[in-house]
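upload.txt, holding compact mmCIF, C-alpha atoms and all ligand atoms:
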```txt
# COMPACT_ATOMS: atom_id res chain seq x y z
CA MET K 711 -18.39 -14.08 14.20
CA LEU K 712 -21.28 -12.84 16.34
CA PHE K 713 -19.15 -9.94 17.39
CA VAL K 714 -18.41 -9.03 13.77
CA TYR K 715 -22.11 -9.02 12.93
CA SER K 716 -22.95 -6.89 15.94
CA VAL K 717 -20.30 -4.36 14.86
CA LEU K 718 -21.77 -4.34 11.35
CA LEU K 719 -25.32 -3.95 12.61
CA SER K 720 -24.39 -1.11 14.89
CA GLY K 721 -22.71 0.62 11.92
CA MET K 722 -19.67 1.32 14.02
CA ALA K 723 -16.41 1.94 12.20
CA LEU K 724 -13.61 -0.51 12.85
CA LEU K 725 -11.07 2.27 13.11
CA GLU K 726 -11.52 5.99 13.47
CA VAL K 727 -8.55 8.33 13.35
CA ARG K 728 -9.38 11.88 14.45
CA ASN K 729 -7.00 14.66 13.57
CA VAL K 730 -3.76 13.10 14.81
CA PHE K 731 -0.45 14.93 14.93
CA LYS K 732 3.03 13.68 15.72
CA ARG K 733 6.28 15.55 15.77
CA GLU K 734 9.50 13.51 15.46
CA GLY K 735 12.59 15.60 16.14
CA GLU K 736 12.46 18.65 13.88
CA THR K 737 9.83 17.12 11.59
CA VAL K 738 6.07 17.10 11.85
CA ALA K 739 5.84 13.46 10.79
CA VAL K 740 2.02 13.33 10.92
CA ASN K 741 0.28 16.63 10.41
CA GLY K 742 -3.44 16.31 11.07
CA ILE K 743 -4.79 13.05 9.69
CA SER K 744 -8.37 11.83 9.97
CA PHE K 745 -10.01 8.83 8.36
CA VAL K 746 -12.43 6.02 9.03
CA GLN K 747 -11.95 2.35 8.21
CA GLU K 748 -15.00 0.11 8.00
CA PRO K 749 -14.89 -3.59 8.93
CA PHE K 750 -13.30 -5.70 6.15
CA GLN K 751 -12.11 -2.60 4.27
CA LYS K 752 -8.63 -2.87 2.75
CA ILE K 753 -6.73 0.41 2.82
CA GLY K 754 -3.53 0.79 0.82
CA ILE K 755 -1.13 3.65 1.50
CA ALA K 756 1.38 5.13 -0.92
CA GLY K 757 3.69 8.02 -0.16
CA GLU K 758 7.26 9.08 -0.68
CA THR K 759 9.83 8.11 1.90
CA GLY K 760 9.47 10.29 5.01
CA SER K 761 5.82 11.21 4.27
CA GLY K 762 4.73 9.82 7.65
CA LYS K 763 3.28 6.43 6.74
CA SER K 764 5.08 4.39 9.40
CA THR K 765 4.51 7.00 12.11
CA LEU K 766 0.77 7.00 11.34
CA LEU K 767 0.60 3.20 11.40
CA LYS K 768 2.52 2.98 14.66
CA MET K 769 0.01 5.35 16.24
CA VAL K 770 -2.84 3.17 14.98
CA ALA K 771 -1.14 0.09 16.46
CA GLY K 772 -0.60 1.85 19.80
CA PHE K 773 3.19 1.94 19.58
CA VAL K 774 3.61 5.70 19.17
CA GLN K 775 1.89 8.31 21.31
CA PRO K 776 0.12 11.01 19.28
CA ASP K 777 0.91 14.61 20.27
CA ALA K 778 -2.70 15.53 19.55
CA GLY K 779 -5.81 13.85 18.22
CA GLU K 780 -7.42 10.53 19.07
CA LEU K 781 -7.77 7.07 17.61
CA PHE K 782 -10.62 4.64 18.22
CA PHE K 783 -10.84 0.91 17.53
CA ASN K 784 -14.37 -0.52 17.66
CA GLY K 785 -15.41 2.67 19.41
CA GLN K 786 -12.78 2.41 22.13
CA LYS K 787 -9.83 4.72 22.45
CA ILE K 788 -6.51 3.24 21.33
CA LEU K 789 -4.05 3.73 24.16
CA GLY K 790 -0.53 4.89 23.39
CA PRO K 791 2.67 3.70 25.05
CA PHE K 792 2.40 6.46 27.69
CA ASP K 793 -1.04 5.22 28.71
CA GLN K 794 -0.24 1.58 29.42
CA LEU K 795 2.61 -0.65 30.51
CA ILE K 796 2.76 -2.92 27.48
CA PRO K 797 2.31 -0.97 24.22
CA GLY K 798 0.07 -2.30 21.49
CA HIS K 799 -3.56 -3.25 21.04
CA PRO K 800 -4.84 -6.85 21.28
CA GLY K 801 -7.14 -6.42 18.29
CA ILE K 802 -4.50 -4.88 16.02
CA GLY K 803 -1.54 -6.74 14.54
CA TYR K 804 1.38 -4.71 13.23
CA LEU K 805 4.02 -6.18 10.95
CA SER K 806 6.79 -3.63 10.77
CA GLN K 807 9.08 -3.37 7.76
CA HIS K 808 11.90 -3.90 10.27
CA PHE K 809 10.42 -6.93 12.08
CA GLU K 810 12.78 -9.45 13.59
CA LEU K 811 12.21 -13.01 14.66
CA ARG K 812 13.97 -14.03 17.84
CA ASN K 813 17.06 -16.00 16.90
CA ASN K 814 17.62 -19.65 17.61
CA TYR K 815 14.07 -20.66 18.45
CA TRP K 816 12.31 -23.64 16.95
CA VAL K 817 9.66 -22.10 14.71
CA ASN K 818 7.07 -24.33 16.36
CA ASP K 819 7.94 -23.08 19.86
CA PHE K 820 8.18 -19.49 18.69
CA LEU K 821 4.62 -19.68 17.35
CA ASP K 822 3.24 -21.65 20.30
CA MET K 823 4.29 -18.88 22.69
CA ALA K 824 1.82 -16.49 21.11
CA ASN K 825 -0.94 -19.00 20.43
CA LYS K 826 -4.31 -18.73 22.14
CA LEU K 827 -6.22 -20.78 19.58
CA PRO K 828 -7.32 -24.42 19.50
CA GLU K 829 -4.95 -26.74 17.62
CA GLU K 830 -7.26 -26.96 14.60
CA GLU K 831 -7.42 -23.18 14.15
CA GLU K 832 -3.69 -22.88 14.54
CA GLN K 833 -3.18 -25.52 11.83
CA ARG K 834 -5.47 -23.59 9.53
CA ILE K 835 -3.34 -20.46 9.97
CA PHE K 836 -0.16 -22.41 9.27
CA ALA K 837 -1.74 -23.76 6.10
CA VAL K 838 -2.89 -20.29 4.99
CA CYS K 839 0.59 -18.89 5.66
CA GLU K 840 2.19 -21.84 3.84
CA ILE K 841 4.60 -22.56 6.69
CA ASP K 842 3.79 -26.20 7.60
CA HIS K 843 7.11 -27.35 6.23
CA LEU K 844 9.03 -24.76 8.26
CA LEU K 845 7.78 -25.61 11.74
CA ARG K 846 10.69 -27.88 12.58
CA ARG K 847 13.35 -25.39 11.57
CA ARG K 848 15.07 -22.82 13.72
CA THR K 849 14.23 -19.15 13.27
CA HIS K 850 17.66 -18.28 11.86
CA GLN K 851 17.42 -21.06 9.25
CA LEU K 852 14.84 -19.23 7.12
CA SER K 853 14.86 -16.98 4.09
CA GLY K 854 13.52 -13.43 4.36
CA GLY K 855 10.22 -14.40 2.75
CA GLU K 856 9.79 -17.41 5.05
CA LYS K 857 10.54 -15.28 8.10
CA GLN K 858 7.92 -12.79 6.97
CA ARG K 859 5.24 -15.49 6.66
CA ILE K 860 6.11 -16.81 10.11
CA ALA K 861 5.90 -13.29 11.55
CA LEU K 862 2.51 -12.96 9.86
CA ALA K 863 1.35 -16.35 11.23
CA ARG K 864 2.41 -15.22 14.70
CA LEU K 865 0.24 -12.16 14.33
CA LEU K 866 -2.70 -14.14 12.97
CA ILE K 867 -2.74 -16.57 15.90
CA THR K 868 -3.51 -13.63 18.15
CA SER K 869 -6.72 -13.22 16.06
CA PRO K 870 -6.36 -9.53 15.21
CA LYS K 871 -9.34 -7.84 13.57
CA LEU K 872 -7.03 -5.33 11.90
CA LEU K 873 -3.67 -6.18 10.40
CA ILE K 874 -1.23 -3.43 9.55
CA LEU K 875 1.44 -4.42 7.07
CA ASP K 876 4.23 -1.91 6.57
CA GLU K 877 5.88 -2.74 3.26
CA PRO K 878 5.40 -6.51 3.55
CA PHE K 879 6.58 -7.18 0.00
CA SER K 880 9.80 -5.19 -0.03
CA ASN K 881 12.95 -7.31 -0.17
CA LEU K 882 11.05 -10.30 -1.54
CA ASP K 883 11.78 -11.89 -4.89
CA ALA K 884 8.88 -12.33 -7.33
CA MET K 885 8.06 -15.87 -6.11
CA HIS K 886 8.07 -15.06 -2.39
CA LYS K 887 6.12 -11.91 -3.11
CA ALA K 888 3.42 -13.85 -4.96
CA THR K 889 3.20 -16.28 -2.02
CA MET K 890 2.96 -13.47 0.52
CA LYS K 891 0.23 -11.78 -1.52
CA ARG K 892 -1.73 -15.03 -1.67
CA VAL K 893 -1.33 -15.42 2.09
CA VAL K 894 -2.61 -11.89 2.76
CA GLU K 895 -5.57 -12.46 0.43
CA GLU K 896 -6.45 -15.79 2.11
CA ALA K 897 -6.07 -14.36 5.62
CA GLY K 898 -8.58 -11.66 4.74
CA LYS K 899 -11.05 -14.19 3.33
CA GLN K 900 -10.71 -16.89 5.97
CA PHE K 901 -10.37 -14.84 9.13
CA GLY K 902 -12.37 -11.72 8.25
CA THR K 903 -9.33 -9.56 8.90
CA SER K 904 -9.24 -5.93 7.77
CA PHE K 905 -5.99 -4.50 6.48
CA ILE K 906 -3.91 -1.39 6.12
CA LEU K 907 -0.96 -1.97 3.83
CA VAL K 908 1.89 0.29 2.82
CA SER K 909 3.73 -0.34 -0.42
CA HIS K 910 6.01 1.52 -2.77
CA GLU K 911 4.92 -0.76 -5.60
CA PRO K 912 1.82 0.63 -7.40
CA ALA K 913 0.64 -2.78 -8.60
CA ASP K 914 0.54 -4.12 -5.02
CA LEU K 915 -1.90 -1.42 -3.99
CA LEU K 916 -4.00 -0.97 -7.11
CA ALA K 917 -4.97 -4.61 -7.53
CA TRP K 918 -5.74 -5.11 -3.86
CA ALA K 919 -6.96 -2.05 -1.99
CA ASP K 920 -10.59 -0.93 -1.65
CA THR K 921 -9.32 2.53 -0.81
CA VAL K 922 -5.96 4.09 -1.58
CA PHE K 923 -4.46 6.95 0.44
CA ILE K 924 -1.73 9.11 -1.02
CA MET K 925 0.38 10.63 1.73
CA GLN K 926 2.58 13.70 1.42
CA ALA K 927 4.36 15.62 4.18
CA GLY K 928 2.35 14.07 7.02
CA LYS K 929 -1.06 14.53 5.40
CA ILE K 930 -3.43 12.49 3.26
CA LEU K 931 -3.24 14.34 -0.04
CA GLN K 932 -5.78 12.19 -1.87
CA GLN K 933 -7.98 9.20 -1.16
CA GLY K 934 -10.35 7.16 -3.28
CA THR K 935 -10.81 3.84 -4.99
CA ALA K 936 -7.75 2.51 -6.80
CA ALA K 937 -9.25 3.55 -10.15
CA GLU K 938 -10.10 7.07 -8.94
CA VAL K 939 -6.69 7.74 -7.52
CA TYR K 940 -4.88 6.14 -10.46
CA GLU K 941 -6.93 7.81 -13.20
CA GLN K 942 -7.54 11.20 -11.60
CA PRO K 943 -4.43 12.06 -9.62
CA VAL K 944 -4.63 15.46 -7.96
CA SER K 945 -1.00 16.35 -8.66
CA GLU K 946 2.11 15.12 -10.42
CA TYR K 947 3.32 13.82 -7.06
CA ALA K 948 0.16 11.68 -6.68
CA ALA K 949 0.39 10.55 -10.31
CA GLY K 950 4.05 9.56 -10.00
CA LEU K 951 3.50 7.36 -6.96
CA LEU K 952 1.10 5.05 -8.78
CA GLY K 953 2.86 4.57 -12.09
CA GLU K 954 3.90 6.14 -15.34
CA TYR K 955 2.16 9.27 -16.56
CA SER K 956 2.55 12.09 -19.05
CA ALA K 957 2.16 15.68 -17.89
CA VAL K 958 1.29 17.62 -21.02
CA ASP K 959 0.04 21.06 -21.81
CA ALA K 960 -3.74 20.88 -22.08
CA THR K 961 -3.65 22.77 -25.37
CA LEU K 962 -1.74 19.93 -27.02
CA PHE K 963 -4.98 17.94 -27.34
CA ASN K 964 -7.19 21.06 -27.69
CA LYS K 965 -8.52 20.53 -24.19
CA SER K 966 -9.81 23.69 -22.59
CA ASN K 967 -8.95 22.57 -19.11
CA GLU K 968 -8.74 24.77 -16.02
CA GLN K 969 -5.47 23.08 -15.22
CA SER K 970 -2.71 24.01 -17.63
CA LYS K 971 -1.36 20.44 -17.41
CA LEU K 972 -3.16 17.22 -18.24
CA LEU K 973 -1.96 14.18 -16.31
CA LEU K 974 -2.42 11.15 -18.54
CA ARG K 975 -1.80 7.47 -17.88
CA PRO K 976 -0.24 5.44 -20.69
CA GLN K 977 -3.61 3.76 -21.38
CA GLN K 978 -5.22 7.16 -21.90
CA LEU K 979 -3.22 7.74 -25.08
CA GLN K 980 -3.24 5.76 -28.28
CA LEU K 981 -1.51 5.73 -31.62
CA THR K 982 -3.60 6.70 -34.60
CA THR K 983 -3.30 7.66 -38.23
CA LYS K 984 -2.59 11.18 -39.40
CA GLU K 985 -5.88 12.92 -38.73
CA SER K 986 -7.01 16.40 -37.77
CA ASN K 987 -6.86 15.93 -33.98
CA ALA K 988 -3.76 13.76 -33.93
CA VAL K 989 -0.51 15.04 -32.50
CA GLU K 990 2.65 14.26 -34.42
CA ALA K 991 5.43 12.77 -32.28
CA VAL K 992 8.78 11.09 -32.66
CA VAL K 993 9.50 7.84 -30.80
CA ALA K 994 12.30 8.82 -28.40
CA ALA K 995 12.61 5.38 -26.77
CA VAL K 996 10.95 1.98 -26.64
CA HIS K 997 11.13 0.55 -23.11
CA TYR K 998 10.71 -3.21 -23.23
CA ARG K 999 8.49 -4.51 -20.40
CA GLY K 1000 7.92 -8.11 -21.36
CA ALA K 1001 4.19 -8.36 -22.05
CA TYR K 1002 4.17 -4.87 -23.55
CA SER K 1003 6.45 -1.96 -24.36
CA LEU K 1004 6.26 1.56 -23.02
CA LEU K 1005 6.73 4.04 -25.83
CA GLU K 1006 8.32 7.34 -24.95
CA LEU K 1007 7.27 9.94 -27.49
CA ALA K 1008 8.74 13.39 -27.98
CA VAL K 1009 6.49 16.29 -28.98
CA LYS K 1010 8.66 19.42 -28.91
CA GLU K 1011 9.65 19.70 -25.24
CA GLU K 1012 6.92 17.35 -24.00
CA ARG K 1013 7.25 13.65 -23.31
CA LEU K 1014 4.30 11.30 -23.78
CA TYR K 1015 4.19 7.70 -22.56
CA LEU K 1016 1.92 5.05 -23.96
CA LEU K 1017 1.62 1.28 -24.00
CA GLN K 1018 2.09 -0.87 -27.07
CA THR K 1019 1.87 -4.59 -27.52
CA ASP K 1020 2.66 -4.21 -31.22
CA ARG K 1021 6.45 -4.48 -31.58
CA SER K 1022 6.64 -2.83 -35.00
CA VAL K 1023 7.14 0.74 -33.72
CA GLN K 1024 10.82 1.62 -33.54
CA LYS K 1025 12.88 4.37 -31.99
CA GLY K 1026 13.08 7.34 -34.39
CA ASP K 1027 9.72 6.60 -36.09
CA THR K 1028 7.24 9.43 -36.60
CA VAL K 1029 3.85 8.48 -35.14
CA TYR K 1030 0.49 10.13 -34.49
CA VAL K 1031 -1.11 10.06 -31.09
CA ARG K 1032 -4.49 11.02 -29.66
CA LEU K 1033 -6.47 10.68 -26.45
CA ALA K 1034 -7.87 7.15 -26.12
CA ASP K 1035 -11.64 6.67 -26.44
N1 LIG P 1 12.16 8.31 15.80
C1 LIG P 1 12.33 9.35 15.00
N2 LIG P 1 13.17 10.37 15.28
C2 LIG P 1 13.32 11.42 14.47
N3 LIG P 1 12.65 11.58 13.33
C3 LIG P 1 11.80 10.60 12.96
C4 LIG P 1 11.59 9.45 13.77
N4 LIG P 1 10.66 8.66 13.17
C5 LIG P 1 10.33 9.29 12.03
N5 LIG P 1 10.99 10.45 11.91
C6 LIG P 1 10.87 11.42 10.81
O1 LIG P 1 9.49 11.62 10.59
C7 LIG P 1 9.20 11.66 9.19
C8 LIG P 1 8.21 10.58 8.82
O2 LIG P 1 8.83 9.32 8.98
P1 LIG P 1 8.09 7.94 8.66
O3 LIG P 1 9.02 6.82 9.01
O4 LIG P 1 6.75 7.95 9.30
O5 LIG P 1 7.92 8.04 7.09
P2 LIG P 1 7.54 6.92 6.02
O6 LIG P 1 6.58 7.55 5.09
O7 LIG P 1 7.10 5.68 6.72
O8 LIG P 1 8.92 6.66 5.30
P3 LIG P 1 9.51 5.30 4.61
O9 LIG P 1 8.72 5.07 3.37
O10 LIG P 1 10.93 5.69 4.32
O11 LIG P 1 9.39 4.22 5.62
C9 LIG P 1 10.54 11.55 8.48
O12 LIG P 1 11.01 12.85 8.18
C10 LIG P 1 11.43 10.88 9.50
O13 LIG P 1 12.78 11.25 9.31
```
Please express the file's structure as structure tokens.
Amino acid sequence: MLFVYSVLLSGMALLEVRNVFKREGETVAVNGISFVQEPFQKIGIAGETGSGKSTLLKMVAGFVQPDAGELFFNGQKILGPFDQLIPGHPGIGYLSQHFELRNNYWVNDFLDMANKLPEEEEQRIFAVCEIDHLLRRRTHQLSGGEKQRIALARLLITSPKLLILDEPFSNLDAMHKATMKRVVEEAGKQFGTSFILVSHEPADLLAWADTVFIMQAGKILQQGTAAEVYEQPVSEYAAGLLGEYSAVDATLFNKSNEQSKLLLRPQQLQLTTKESNAVEAVVAAVHYRGAYSLLELAVKEERLYLLQTDRSVQKGDTVYVRLAD
């Protein structure tokens, strides 16, 4: 804990990435990325497949050698696999989307091999990861979600200050996903861990991250708080990664905008009565989403999406829509 305070007092970033590049085959996988992560900051990364997320994270974890640029962890240079015999950094845990547990081990033994902590601390990690009941199983006798929590526990017992989770929730059903999210949340609170997390699921990032990065073609296209990036996307690509949106001609709502297109989230539109500023639309589809429905409205060639909890609106209805207050 003393160490954490001294880092805070010195104002030193936890992680500093300075203009890193990496070519993979014919592709420039990472094309000049810089950012700083402060202690305890939670960074969430979204980006289309092939945008360079995993390559960036592997460089941060010390598993991929950058072609150019430098990375620093607590002010010290992160060594790549060409610089040292055993790749990786002791302060950084990396849970790959393709992690594998060694087959046929007792879970207990598998975890003990990595453990450097007193018994009590180890038990606390098992409790946080909700794996107490799995310790006397073998590693091949586990579901995908259970394996993931054991892989996470194995990382946590090495006491990393930064945990990198590359799509930790993919391939998990809703229940296992909720458990894994709880575990990540608790690990952050109890062990003061900082995180970088990649997800293709907007809700996983928006509810959790302090800062969201949108990656495109090896670069960070946009970064900001979840609300900034969600509500003010810089392009249709950025908008599409974080959820539904309407891209409509600015003139439709009499907006004199420099951009010809307005990018609007479903919450930024609302139904109204026939009034001077309202736009007439026809309900093209009602997409049932459980707690609410997503209305798809047609206005000439444009499509508008908005949320409704009221079930009375039907496909084919004529409605009036305006920008929400
Ligand atoms: N070992 C490799 N050899 C050749 N090309 C690679 C290699 N690793 C990555 N690439 C290429 O580099 C680019 C970035 O890949 P990367 O895995 O970093 O993307 P990503 O954003 O993590 O994608 P995904 O969401 O699918 O995991 C892609 O075009 C990929 O095909």
Using all atoms listed in the file, I'd like a table of the residues in chain K that come within 7 Å of ligand LIG 1 (chain P); for each, show the closest atom pair and its distance in Å rounded to one decimal, ordered by chain and ascending number, as JSON lines.
```
{"residue": "K:Glu734", "atom": "CA", "partner": "P:LIG1", "partner_atom": "N3", "distance": 4.3}
{"residue": "K:Gly735", "atom": "CA", "partner": "P:LIG1", "partner_atom": "C2", "distance": 4.6}
{"residue": "K:Thr737", "atom": "CA", "partner": "P:LIG1", "partner_atom": "O12", "distance": 5.6}
{"residue": "K:Val738", "atom": "CA", "partner": "P:LIG1", "partner_atom": "O1", "distance": 6.6}
{"residue": "K:Ala739", "atom": "CA", "partner": "P:LIG1", "partner_atom": "O1", "distance": 4.1}
{"residue": "K:Gly757", "atom": "CA", "partner": "P:LIG1", "partner_atom": "O6", "distance": 6.0}
{"residue": "K:Glu758", "atom": "CA", "partner": "P:LIG1", "partner_atom": "O9", "distance": 5.9}
{"residue": "K:Thr759", "atom": "CA", "partner": "P:LIG1", "partner_atom": "O9", "distance": 3.6}
{"residue": "K:Gly760", "atom": "CA", "partner": "P:LIG1", "partner_atom": "O5", "distance": 3.4}
{"residue": "K:Ser761", "atom": "CA", "partner": "P:LIG1", "partner_atom": "O6", "distance": 3.8}
{"residue": "K:Gly762", "atom": "CA", "partner": "P:LIG1", "partner_atom": "O4", "distance": 3.2}
{"residue": "K:Lys763", "atom": "CA", "partner": "P:LIG1", "partner_atom": "O6", "distance": 3.9}
{"residue": "K:Ser764", "atom": "CA", "partner": "P:LIG1", "partner_atom": "O7", "distance": 3.6}
{"residue": "K:Thr765", "atom": "CA", "partner": "P:LIG1", "partner_atom": "O4", "distance": 3.7}
{"residue": "K:Leu766", "atom": "CA", "partner": "P:LIG1", "partner_atom": "O4", "distance": 6.4}
```
May I ask which of the residues K:Arg859, K:Lys984, K:Arg1013, K:Lys971 is the closest one to Tyr1030 of chain K, counting all atoms listed in the file?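 For Tyr1030 of chain K, the nearest of the given residues is K:Lys984.
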Between atom CA of Thr868 of chain K and atom CA of Leu789 of chain K, what is the distance in Å, rounded to a tenth? 18.4 Å
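The closest residue to Gly934 of chain K, picked from K:Val893, K:Ile743, K:Ile755, K:Leu981 and counting only C-alpha atoms, is K:Ile755.
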Using all atoms listed in the file, can you tell me which of K:Ser904, K:Tyr1002, K:Ala994, K:Arg847 comes closest to Asp1027 of chain K?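 Distance minimum relative to Asp1027 of chain K lands on K:Ala994.
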May I ask which of the residues K:Pro912, K:Pro828, K:Gly785, K:Gly772 is the closest one to Leu725 of chain K, counting only C-alpha atoms? K:Gly785
Env of Leu827 of chain K: 9 Å cut, atoms = all atoms listed in the file, seq-sep filter 5 positions within chain, self excluded. Answer as a list in words.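 Near Leu827 of chain K, the qualifying residues are Glu832, Ile867, Thr868 and Ser869 of chain K.
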Would you put the residues from that selection into a file with C-alpha atoms, as a JSON list (two decimals), in the frame of the given file?
```json
[["chain", "number", "residue", "atom", "x", "y", "z"],
["K", 832, "GLU", "CA", -3.69, -22.88, 14.54],
["K", 867, "ILE", "CA", -2.74, -16.57, 15.90],
["K", 868, "THR", "CA", -3.51, -13.63, 18.15],
["K", 869, "SER", "CA", -6.72, -13.22, 16.06]]
```
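Atom CA of Tyr804 of chain K sits 20.6 Å away from atom CA of Asp777 of chain K.
Candidate residues K:Arg999, K:Asp793, K:Leu873, K:Ser956 were compared for distance to Phe901 of chain K, and the nearest is K:Leu873, using all atoms listed in the file.
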Could you list, as a PyMOL selection string, every residue within 9 Å of Val958 of chain K, counting all atoms listed in the file and ignoring same-chain residues fewer than 4 positions away? chain K and resi 962-963+970-974+1012-1014
Polymer residues at most 12 Å from Pro943 of chain K, only C-alpha atoms, same-chain spacing of 6 or more positions, as a PyMOL selection string: chain K and resi 922-924+931-937+949-957+971-975
Quick one: residues within 12 Å of Glu840 of chain K, all atoms listed in the file, excluding same-chain residues fewer than 4 positions away - as a list of chain:residue names? K:Gln833, K:Arg834, K:Ile835, K:Phe836, K:Leu844, K:Leu845, K:Gly855, K:Glu856, K:Lys857, K:Gln858, K:Arg859, K:Ile860, K:Leu862, K:Ala863, K:His886, K:Ala888, K:Thr889, K:Met890, K:Lys891, K:Arg892, K:Val893, K:Val894, K:Glu896, K:Ala897
Work out how far atom CA of Leu915 of chain K is from atom CA of Val939 of chain K, in Å to one decimal. 10.9 Å
Have a look at K:Gly928, K:Glu780, K:Leu1033, K:Asn964 and name the one nearest to Asn741 of chain K; count all atoms listed in the file.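 The closest residue to Asn741 of chain K is K:Gly928.
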Residue contacts of Met769 of chain K (9 Å, only C-alpha atoms) excluding same-chain residues fewer than 5 positions away, as a PyMOL selection string: chain K and resi 730+732+764+774-776+781+788+790
